[in-house]
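Below is target30.txt, which holds compact mmCIF, C-alpha atoms.
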```txt
# COMPACT_ATOMS: atom_id res chain seq x y z
CA MET M 17 228.43 9.66 67.02
CA ALA M 18 226.33 9.48 70.19
CA LYS M 19 227.73 7.51 73.10
CA PRO M 20 225.99 4.14 73.45
CA ASP M 21 225.37 4.72 77.14
CA SER M 22 223.25 7.83 76.59
CA LEU M 23 219.65 6.79 75.95
CA GLY M 24 216.88 9.25 75.21
CA GLN M 25 213.36 8.63 76.47
CA PHE M 26 212.08 7.50 73.08
CA GLU M 27 215.04 5.17 72.69
CA GLN M 28 214.17 3.64 76.08
CA LEU M 29 210.59 3.11 74.90
CA VAL M 30 211.70 1.41 71.66
CA MET M 31 214.18 -0.83 73.48
CA THR M 32 211.57 -1.78 76.06
CA ALA M 33 209.16 -2.62 73.23
CA ILE M 34 211.79 -4.85 71.55
CA LEU M 35 212.41 -6.61 74.86
CA ALA M 36 208.69 -7.05 75.51
CA ARG M 37 207.96 -8.47 72.03
CA ARG M 38 210.81 -11.00 72.29
CA GLU M 39 210.99 -13.06 69.05
CA ASP M 40 208.17 -11.10 67.43
CA ALA M 41 209.84 -7.68 67.47
CA TYR M 42 209.56 -6.01 64.06
CA GLY M 43 208.38 -2.60 62.80
CA VAL M 44 204.62 -3.00 63.27
CA THR M 45 204.69 -4.80 66.64
CA ILE M 46 207.38 -2.52 68.05
CA HIS M 47 205.34 0.52 66.97
CA SER M 48 202.14 -0.77 68.62
CA LYS M 49 203.98 -1.53 71.86
CA VAL M 50 205.68 1.88 71.85
CA GLU M 51 202.27 3.55 71.34
CA GLU M 52 200.96 1.57 74.30
CA LEU M 53 203.90 2.64 76.47
CA ALA M 54 203.83 6.28 75.35
CA ARG M 55 200.06 6.81 75.72
CA PRO M 56 198.38 9.26 75.46
CA LYS M 57 201.02 10.51 73.00
CA ALA M 58 200.69 9.40 69.38
CA VAL M 59 203.82 7.88 67.84
CA SER M 60 204.53 7.69 64.11
CA LEU M 61 205.92 4.56 62.48
CA GLY M 62 208.62 6.70 60.83
CA ALA M 63 209.90 7.88 64.21
CA VAL M 64 210.22 4.25 65.30
CA TYR M 65 212.25 3.40 62.16
CA VAL M 66 214.58 6.36 62.73
CA THR M 67 215.16 5.30 66.33
CA LEU M 68 215.71 1.65 65.39
CA ASP M 69 218.37 2.72 62.87
CA ARG M 70 220.06 4.92 65.47
CA LEU M 71 220.05 2.18 68.11
CA GLU M 72 221.50 -0.25 65.59
CA ASP M 73 224.27 2.23 64.75
CA LYS M 74 225.04 2.53 68.46
CA GLY M 75 225.39 -1.24 68.65
CA LEU M 76 222.55 -1.61 71.15
CA ILE M 77 220.29 -3.74 68.97
CA ALA M 78 220.78 -6.16 66.07
CA SER M 79 218.47 -6.90 63.13
CA TRP M 80 217.89 -9.58 60.53
CA LEU M 81 215.39 -10.23 57.74
CA SER M 82 212.85 -13.01 58.28
CA ASP M 83 211.10 -15.06 55.60
CA PRO M 84 208.46 -13.27 53.47
CA THR M 85 204.83 -13.75 54.51
CA ALA M 86 201.59 -13.51 52.49
CA GLU M 87 199.91 -11.12 54.95
CA ARG M 88 202.65 -8.60 54.13
CA GLY M 89 202.25 -8.94 50.37
CA GLY M 90 205.18 -11.35 50.11
CA ARG M 91 207.57 -9.01 51.89
CA ALA M 92 209.99 -9.98 54.65
CA LYS M 93 210.04 -8.54 58.19
CA ARG M 94 213.11 -6.96 59.75
CA CYS M 95 213.26 -8.47 63.22
CA TYR M 96 215.16 -6.89 66.11
CA ARG M 97 216.72 -8.08 69.35
CA LEU M 98 218.68 -6.37 72.10
CA GLU M 99 222.43 -6.87 72.18
CA ALA M 100 224.14 -7.50 75.54
CA LEU M 101 225.26 -3.87 75.65
CA GLY M 102 221.69 -2.77 74.92
CA GLU M 103 220.31 -4.82 77.80
CA ARG M 104 222.88 -3.35 80.17
CA VAL M 105 222.13 0.22 79.07
CA LEU M 106 218.37 -0.36 79.37
CA GLU M 107 218.87 -1.82 82.83
CA GLU M 108 220.78 1.29 83.89
CA SER M 109 218.03 3.51 82.47
CA ALA M 110 215.38 1.58 84.42
CA VAL M 111 217.35 1.96 87.66
CA THR M 112 217.72 5.69 87.01
CA ALA M 113 213.97 5.98 86.32
CA ARG M 114 213.28 4.17 89.60
CA ARG M 115 215.51 6.61 91.48
CA ILE M 116 213.69 9.56 89.87
CA TRP M 117 210.35 8.01 90.91
CA GLU M 118 211.45 7.57 94.51
CA SER M 119 212.78 11.13 94.69
CA LEU M 120 209.49 12.47 93.38
CA VAL M 121 207.53 10.44 95.93
CA ASP M 122 209.76 11.93 98.65
CA VAL M 123 209.01 15.45 97.41
CA TRP M 124 205.34 15.16 96.37
CA GLY M 125 204.27 12.64 99.01
CA ARG M 126 203.16 9.02 99.28
CA GLU M 127 199.59 9.90 98.22
CA TRP M 128 200.85 11.14 94.84
CA GLY M 129 202.94 7.98 94.48
CA ARG M 130 199.92 5.72 95.23
CA ARG M 131 197.64 7.62 92.80
CA TRP M 132 200.13 7.44 89.89
CA GLY M 133 201.16 3.93 90.83
CA LYS M 134 197.51 2.83 90.39
CA GLU M 135 197.25 4.61 87.03
CA LEU M 136 200.43 2.98 85.81
CA ARG M 137 199.06 -0.42 86.67
CA MET E 234 186.71 -2.68 52.17
CA LYS E 235 189.90 -3.95 50.51
CA SER E 236 192.34 -5.81 52.71
CA ALA E 237 195.44 -4.86 50.73
CA PRO E 238 196.70 -1.65 49.13
CA SER E 239 196.41 -1.27 45.38
CA LYS E 240 199.41 -2.43 43.36
CA ALA E 241 199.89 1.09 41.97
CA ALA E 242 199.97 2.69 45.43
CA GLU E 243 202.38 0.08 46.71
CA ALA E 244 204.60 0.50 43.64
CA ILE E 245 204.80 4.26 44.23
CA VAL E 246 205.73 3.74 47.88
CA ALA E 247 208.31 1.10 46.88
CA ILE E 248 209.94 3.56 44.45
CA LEU E 249 210.12 6.28 47.11
CA VAL E 250 211.61 4.10 49.85
CA PRO E 251 215.40 3.56 49.54
CA PRO E 252 216.24 -0.01 48.42
CA ALA E 253 218.19 -0.80 51.61
CA CYS E 254 215.02 -0.67 53.75
CA ARG E 255 212.35 -1.15 51.05
CA GLU E 256 211.48 -4.74 51.94
CA GLU E 257 210.57 -4.16 55.59
CA VAL E 258 209.01 -0.70 55.22
CA VAL E 259 206.72 -1.63 52.32
CA GLY E 260 205.83 -4.88 54.12
CA ASP E 261 205.01 -3.06 57.38
CA LEU E 262 202.84 -0.52 55.57
CA HIS E 263 201.09 -3.39 53.76
CA GLU E 264 200.42 -5.14 57.08
CA ARG E 265 198.99 -1.95 58.64
CA TYR E 266 196.65 -1.35 55.71
CA ARG E 267 193.05 -0.48 56.71
CA SER E 268 191.85 1.81 53.92
CA PRO E 269 193.35 3.70 50.98
CA SER E 270 193.31 7.00 52.89
CA GLN E 271 194.92 5.44 55.98
CA TYR E 272 197.60 3.84 53.75
CA ALA E 273 198.29 7.14 51.98
CA PHE E 274 198.54 9.01 55.31
CA ASP E 275 200.77 6.33 56.81
CA ALA E 276 203.08 6.44 53.79
CA TRP E 277 203.04 10.25 53.78
CA ILE E 278 204.34 10.50 57.36
CA THR E 279 206.61 7.45 57.27
CA VAL E 280 208.52 7.62 53.98
CA PRO E 281 210.20 11.06 54.50
CA LEU E 282 211.55 9.93 57.89
CA VAL E 283 212.80 6.67 56.39
CA ILE E 284 214.61 8.62 53.65
CA LEU E 285 216.15 11.02 56.20
CA SER E 286 217.28 8.12 58.36
CA ARG E 287 218.88 6.45 55.35
CA VAL E 288 220.64 9.70 54.39
CA ARG E 289 221.98 9.95 57.95
CA ARG E 290 223.33 6.41 57.72
CA THR E 291 224.96 6.78 54.31
CA ALA E 292 226.37 10.30 54.68
CA ASP E 293 229.45 10.82 56.80
CA PRO E 294 229.23 14.41 58.13
CA GLN E 295 232.97 14.99 57.67
CA VAL E 296 232.91 13.86 54.04
CA VAL E 297 229.74 15.86 53.36
CA LEU E 298 231.47 18.94 54.74
CA ILE E 299 234.55 18.35 52.55
CA GLN E 300 232.30 17.87 49.52
CA ALA E 301 230.27 21.01 50.28
CA PHE E 302 233.51 22.97 50.57
CA ALA E 303 234.90 21.50 47.33
CA LEU E 304 231.69 22.26 45.41
CA TYR E 305 231.39 25.82 46.67
CA VAL E 306 235.09 26.58 46.11
CA SER E 307 234.74 25.29 42.54
CA PHE E 308 232.02 27.80 41.71
CA LEU E 309 233.82 30.51 43.69
CA CYS E 310 237.04 29.97 41.69
CA ALA E 311 235.11 29.89 38.42
CA ALA E 312 233.51 33.25 39.31
CA TRP E 313 236.84 34.67 40.39
CA PHE E 314 238.50 33.77 37.08
CA LYS E 315 235.67 34.53 34.69
CA ASP E 316 233.81 37.46 36.25
CA ALA E 317 235.07 38.68 39.64
CA ALA E 318 232.37 41.38 39.65
CA LEU E 319 229.85 38.70 40.57
CA LEU E 320 231.59 38.25 43.92
CA GLN E 321 230.89 41.92 44.76
CA ALA E 322 227.32 41.87 43.46
CA GLN E 323 224.34 41.67 45.80
CA TRP E 324 223.58 38.01 46.61
CA GLY E 325 226.55 37.05 44.41
CA LEU E 326 227.99 34.59 46.94
CA LEU E 327 224.55 33.15 47.59
CA ARG E 328 223.94 32.62 43.86
CA LEU E 329 227.14 30.60 43.72
CA ALA E 330 225.87 28.41 46.56
CA ILE E 331 222.68 27.38 44.71
CA PRO E 332 224.23 24.93 42.18
CA ALA E 333 226.67 23.67 44.84
CA GLY E 334 223.80 23.03 47.27
CA ILE E 335 221.67 21.27 44.67
CA THR E 336 224.60 19.06 43.63
CA LEU E 337 225.35 18.13 47.24
CA LEU E 338 221.71 17.30 47.94
CA VAL E 339 221.46 15.05 44.88
CA VAL E 340 224.75 13.32 45.73
CA MET E 341 223.51 12.58 49.27
CA LEU E 342 220.20 11.25 47.94
CA GLU E 343 221.99 9.15 45.33
CA ASP E 344 224.03 7.53 48.11
CA ALA E 345 220.91 6.93 50.18
CA TYR E 346 219.15 5.25 47.23
CA ALA E 347 222.12 3.11 46.21
CA SER E 348 221.43 -0.61 46.33
CA PRO E 349 223.28 -2.13 49.28
CA GLY E 350 225.96 -4.62 48.37
CA ARG E 351 226.07 -3.66 44.70
CA ARG E 352 229.49 -2.31 43.90
CA SER E 353 230.05 -0.34 40.73
CA PRO E 354 233.29 1.31 39.56
CA LEU E 355 231.18 4.22 38.33
CA ARG E 356 229.73 4.90 41.77
CA PRO E 357 232.09 7.79 42.72
CA VAL E 358 231.26 9.52 39.42
CA ARG E 359 227.53 8.79 39.15
CA GLY E 360 226.44 10.97 42.10
CA PRO E 361 228.31 14.14 41.09
CA VAL E 362 227.29 13.76 37.41
CA LEU E 363 223.64 13.40 38.41
CA GLY E 364 223.95 16.27 40.90
CA LEU E 365 225.51 18.61 38.37
CA ALA E 366 222.86 17.66 35.80
CA PHE E 367 220.21 18.74 38.30
CA ALA E 368 222.18 21.92 39.06
CA LEU E 369 222.33 22.76 35.33
CA ALA E 370 218.62 22.04 34.95
CA SER E 371 217.81 24.33 37.88
CA GLN E 372 219.92 27.08 36.32
CA GLY E 373 218.00 26.58 33.07
CA LEU E 374 214.79 27.15 35.00
CA PHE E 375 216.26 30.27 36.61
CA TRP E 376 217.33 31.65 33.21
CA SER E 377 213.78 31.35 31.96
CA GLY E 378 211.98 32.29 35.17
CA ASN E 379 214.18 34.39 37.46
CA PRO E 380 217.44 35.46 35.73
CA ASP E 381 218.61 37.33 38.87
CA LEU E 382 219.26 34.00 40.58
CA ALA E 383 220.99 32.37 37.59
CA LEU E 384 224.75 32.27 37.18
CA PRO E 385 226.44 33.50 33.97
CA ARG E 386 226.89 30.62 31.52
CA TRP E 387 230.71 30.42 31.59
CA ILE E 388 230.91 30.58 35.37
CA LEU E 389 228.39 27.77 35.54
CA LEU E 390 230.24 25.61 33.02
CA TYR E 391 233.68 26.12 34.58
CA GLY E 392 232.22 25.65 38.06
CA CYS E 393 230.55 22.40 37.00
CA ALA E 394 233.75 21.08 35.41
CA MET E 395 235.83 21.84 38.50
CA SER E 396 233.07 20.52 40.79
CA LEU E 397 233.00 17.25 38.90
CA LEU E 398 236.75 16.85 39.20
CA LEU E 399 236.92 17.68 42.90
CA SER E 400 233.76 15.88 43.91
CA CYS E 401 234.84 12.67 42.17
CA ALA E 402 238.25 12.96 43.81
CA VAL E 403 236.70 13.32 47.26
CA ARG E 404 234.42 10.34 46.63
CA MET E 405 237.34 8.23 45.43
CA LEU E 406 239.28 9.11 48.57
CA PHE E 407 236.32 8.53 50.88
CA PRO E 408 233.97 6.08 49.15
CA PRO E 409 230.33 6.33 50.17
CA PRO E 410 229.30 3.48 52.47
CA THR E 411 226.93 0.93 50.98
CA ASN E 412 225.74 -0.21 54.39
CA GLN E 413 226.38 1.20 57.83
CA LEU E 414 228.62 -1.00 59.90
CA HIS E 415 227.40 -1.46 63.41
CA GLY E 416 229.05 -1.41 66.77
CA ALA E 417 229.39 0.80 69.78
CA ASN E 418 231.86 3.66 69.47
CA ALA E 419 232.42 2.79 65.81
CA PRO E 420 234.75 5.24 64.08
CA ALA E 421 233.62 7.29 61.11
CA ASP E 422 232.14 4.92 58.58
CA TRP E 423 234.41 5.78 55.70
CA LEU E 424 237.44 4.87 57.79
CA LYS E 425 236.14 1.32 57.99
CA GLN E 426 234.89 1.15 54.44
CA VAL E 427 238.11 2.18 52.82
CA GLY E 428 240.01 -0.35 54.89
CA ASP E 429 243.51 0.78 54.04
CA SER E 430 243.04 4.50 54.50
CA ASP E 431 246.79 5.20 54.23
CA GLU E 432 246.69 3.92 50.66
CA ASN E 433 243.93 6.38 49.84
CA LEU E 434 245.64 9.28 51.55
CA LYS E 435 248.58 8.77 49.18
CA ALA E 436 246.30 10.04 46.42
CA LEU E 437 245.87 13.38 48.19
CA PRO E 438 248.91 15.11 46.60
CA ALA E 439 247.71 13.94 43.17
CA ILE E 440 244.28 15.47 43.81
CA ALA E 441 245.87 18.71 45.01
CA ALA E 442 248.09 18.74 41.90
CA ALA E 443 245.08 18.20 39.63
CA PHE E 444 243.28 21.08 41.34
CA LEU E 445 246.29 23.37 40.94
CA LEU E 446 246.65 22.38 37.28
CA PHE E 447 243.00 23.19 36.74
CA LEU E 448 243.44 26.62 38.34
CA VAL E 449 246.48 27.32 36.16
CA ALA E 450 244.59 26.20 33.04
CA LEU E 451 241.70 28.48 33.95
CA HIS E 452 244.08 31.38 34.50
CA LEU E 453 245.76 30.82 31.13
CA TRP E 454 242.40 30.55 29.43
CA LYS E 455 241.37 33.85 30.93
```
Have the structure of the file written as structure tokens, please.
Amino acid sequence: MAKPDSLGQFEQLVMTAILARREDAYGVTIHSKVEELARPKAVSLGAVYVTLDRLEDKGLIASWLSDPTAERGGRAKRCYRLEALGERVLEESAVTARRIWESLVDVWGREWGRRWGKELR
Amino acid sequence: MKSAPSKAAEAIVAILVPPACREEVVGDLHERYRSPSQYAFDAWITVPLVILSRVRRTADPQVVLIQAFALYVSFLCAAWFKDAALLQAQWGLLRLAIPAGITLLVVMLEDAYASPGRRSPLRPVRGPVLGLAFALASQGLFWSGNPDLALPRWILLYGCAMSLLLSCAVRMLFPPPTNQLHGANAPADWLKQVGDSDENLKALPAIAAAFLLFLVALHLWK
């Protein structure tokens, strides 16, 4: 079993998407947010399901079934939220990413940092 | 343009998706529906990954390894007792692995497709029986199509009988999980599922004795 404190890049994306969607985090909305975060890469819905299952097994997220809705053909949604451990691990990943960013700016220069900073915004 | 997938298409997808995650996956695909071709493509790339993820959650690697070993040893012993020449033949050991591999695959899929929460006393037996039925059917196809890959009839029958015994024993000792329990640093799932694992380990000598008895019976028969 993977250690809960080791997050892959795709896992970070999925967890960020869950956090961003708040109460409305389920398969379809998580997938659309992950696609937005991972652009220009295409992301399959299946890959999101696999990662959600793995994160749940690691104890980083929790899920529950909501009430069925007509727009889904009378099927329920599986909603997700971050657990406390998940939030802590995501926080650590964000800090690490920030450190990587700052190191790259040191090496490749402030101009590179400004250019990519604008694109990210 | 239709705003919902056809009932037939949705029914096919619902059959293919394991029951444990059917509700949300079929609902998500329904919500994303734009056109029949988009729905078919979405299902085509999503369902296999959902099945694989479910297999990963329901199969404990250690138990799968024990089962693979038990299945292969069963066919190996059957070949050793009935026709040891097969072990020396070209691809002989590989031919023995075919029914064992098919049985293991079917057992893993049967666990993945089991309804969560539904407990049946026949569950430890159902998977191996189904797996061996598929293994026998595949051998039937080999006999008619490619006899070089097929096992001799008696080796197959003895191997299946021993496989059934050992596989059921392994599944009784380490019951397949119906739903993955969550939590960081969780131990192997079967340890939690069986609860009192010491009680189950007490059955180990009985299983070993049954296996030995089977070997002796085979030897006498020979």
Problem set entry | Between atom CA of M:Asp69 and atom CA of M:Val30 - distance in Å to one decimal | 11.1 Å
Problem set entry | Neighbour residues at most 7 Å from (231.1, 27.7, 38.5) (only C-alpha atoms) as a list in words | Ser307, Phe308, Leu309, Ala311, Ala312, Ile388, Leu389, Leu390, Tyr391, Gly392 and Cys393 of chain E
Exercise. Once you count all atoms listed in the file, which residues of chain E turn out to be within 12 Å of chain M? Could you give them as JSON, numbers by chain?
Worked result: {"E": [236, 237, 238, 239, 240, 243, 244, 247, 250, 253, 254, 255, 256, 257, 258, 259, 260, 261, 262, 263, 264, 265, 266, 274, 275, 276, 277, 278, 279, 280, 281, 282, 283, 284, 285, 286, 287, 288, 289, 290, 291, 293, 294, 295, 412, 413, 414, 415, 416, 417, 418, 419, 420, 421, 422]}
Problem set entry | For atom CA of M:Gln28 and atom CA of E:Arg267, the interatomic separation in Å (one decimal) | 29.0 Å
Exercise. Interatomic distance between atom CA of M:Arg130 and atom CA of M:Ala54?
Worked result: 20.3 Å
Exercise. Given the choices E:Ser348, E:Gln300, E:Leu326, E:Leu338, which gets closest to E:Met405 if the distance is worked out from all atoms listed in the file?
Worked result: E:Gln300
Would you mind completing stretch 101-125 of chain M to N, CA and C atoms and writing the output as a compact mmCIF listing (two decimals), in the coordinates of the input?
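Here's the written file rebuild-v9.txt:
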```txt
# COMPACT_ATOMS: atom_id res chain seq x y z
N LEU M 101 225.02 -5.26 75.24
CA LEU M 101 225.26 -3.87 75.65
C LEU M 101 223.92 -3.12 75.79
N GLY M 102 223.01 -3.40 74.88
CA GLY M 102 221.69 -2.77 74.92
C GLY M 102 220.93 -3.12 76.18
N GLU M 103 221.01 -4.39 76.57
CA GLU M 103 220.31 -4.82 77.80
C GLU M 103 220.90 -4.12 79.02
N ARG M 104 222.22 -4.00 79.02
CA ARG M 104 222.88 -3.35 80.17
C ARG M 104 222.47 -1.88 80.25
N VAL M 105 222.47 -1.21 79.10
CA VAL M 105 222.13 0.22 79.07
C VAL M 105 220.66 0.42 79.47
N LEU M 106 219.79 -0.47 79.01
CA LEU M 106 218.37 -0.36 79.37
C LEU M 106 218.16 -0.59 80.86
N GLU M 107 218.93 -1.53 81.39
CA GLU M 107 218.87 -1.82 82.83
C GLU M 107 219.24 -0.57 83.63
N GLU M 108 220.33 0.07 83.21
CA GLU M 108 220.78 1.29 83.89
C GLU M 108 219.72 2.38 83.81
N SER M 109 219.08 2.49 82.64
CA SER M 109 218.03 3.51 82.47
C SER M 109 216.86 3.22 83.40
N ALA M 110 216.50 1.94 83.55
CA ALA M 110 215.38 1.58 84.42
C ALA M 110 215.70 1.91 85.88
N VAL M 111 216.94 1.65 86.28
CA VAL M 111 217.35 1.96 87.66
C VAL M 111 217.29 3.47 87.89
N THR M 112 217.76 4.22 86.89
CA THR M 112 217.72 5.69 87.01
C THR M 112 216.27 6.16 87.13
N ALA M 113 215.39 5.59 86.28
CA ALA M 113 213.97 5.98 86.32
C ALA M 113 213.37 5.67 87.69
N ARG M 114 213.77 4.56 88.26
CA ARG M 114 213.28 4.17 89.60
C ARG M 114 213.72 5.20 90.64
N ARG M 115 214.99 5.62 90.53
CA ARG M 115 215.51 6.61 91.48
C ARG M 115 214.75 7.92 91.35
N ILE M 116 214.45 8.32 90.10
CA ILE M 116 213.69 9.56 89.87
C ILE M 116 212.32 9.42 90.53
N TRP M 117 211.67 8.27 90.35
CA TRP M 117 210.35 8.01 90.91
C TRP M 117 210.38 8.15 92.44
N GLU M 118 211.38 7.53 93.04
CA GLU M 118 211.45 7.57 94.51
C GLU M 118 211.71 8.99 95.01
N SER M 119 212.51 9.74 94.28
CA SER M 119 212.78 11.13 94.69
C SER M 119 211.51 11.95 94.60
N LEU M 120 210.73 11.71 93.55
CA LEU M 120 209.49 12.47 93.38
C LEU M 120 208.48 12.11 94.47
N VAL M 121 208.43 10.86 94.84
CA VAL M 121 207.53 10.44 95.93
C VAL M 121 207.94 11.12 97.23
N ASP M 122 209.27 11.24 97.45
CA ASP M 122 209.76 11.93 98.65
C ASP M 122 209.30 13.38 98.67
N VAL M 123 209.34 14.02 97.49
CA VAL M 123 209.01 15.45 97.41
C VAL M 123 207.50 15.66 97.40
N TRP M 124 206.78 14.90 96.56
CA TRP M 124 205.34 15.16 96.37
C TRP M 124 204.44 14.28 97.27
N GLY M 125 205.04 13.40 98.02
CA GLY M 125 204.27 12.64 99.01
C GLY M 125 203.83 11.27 98.54
```
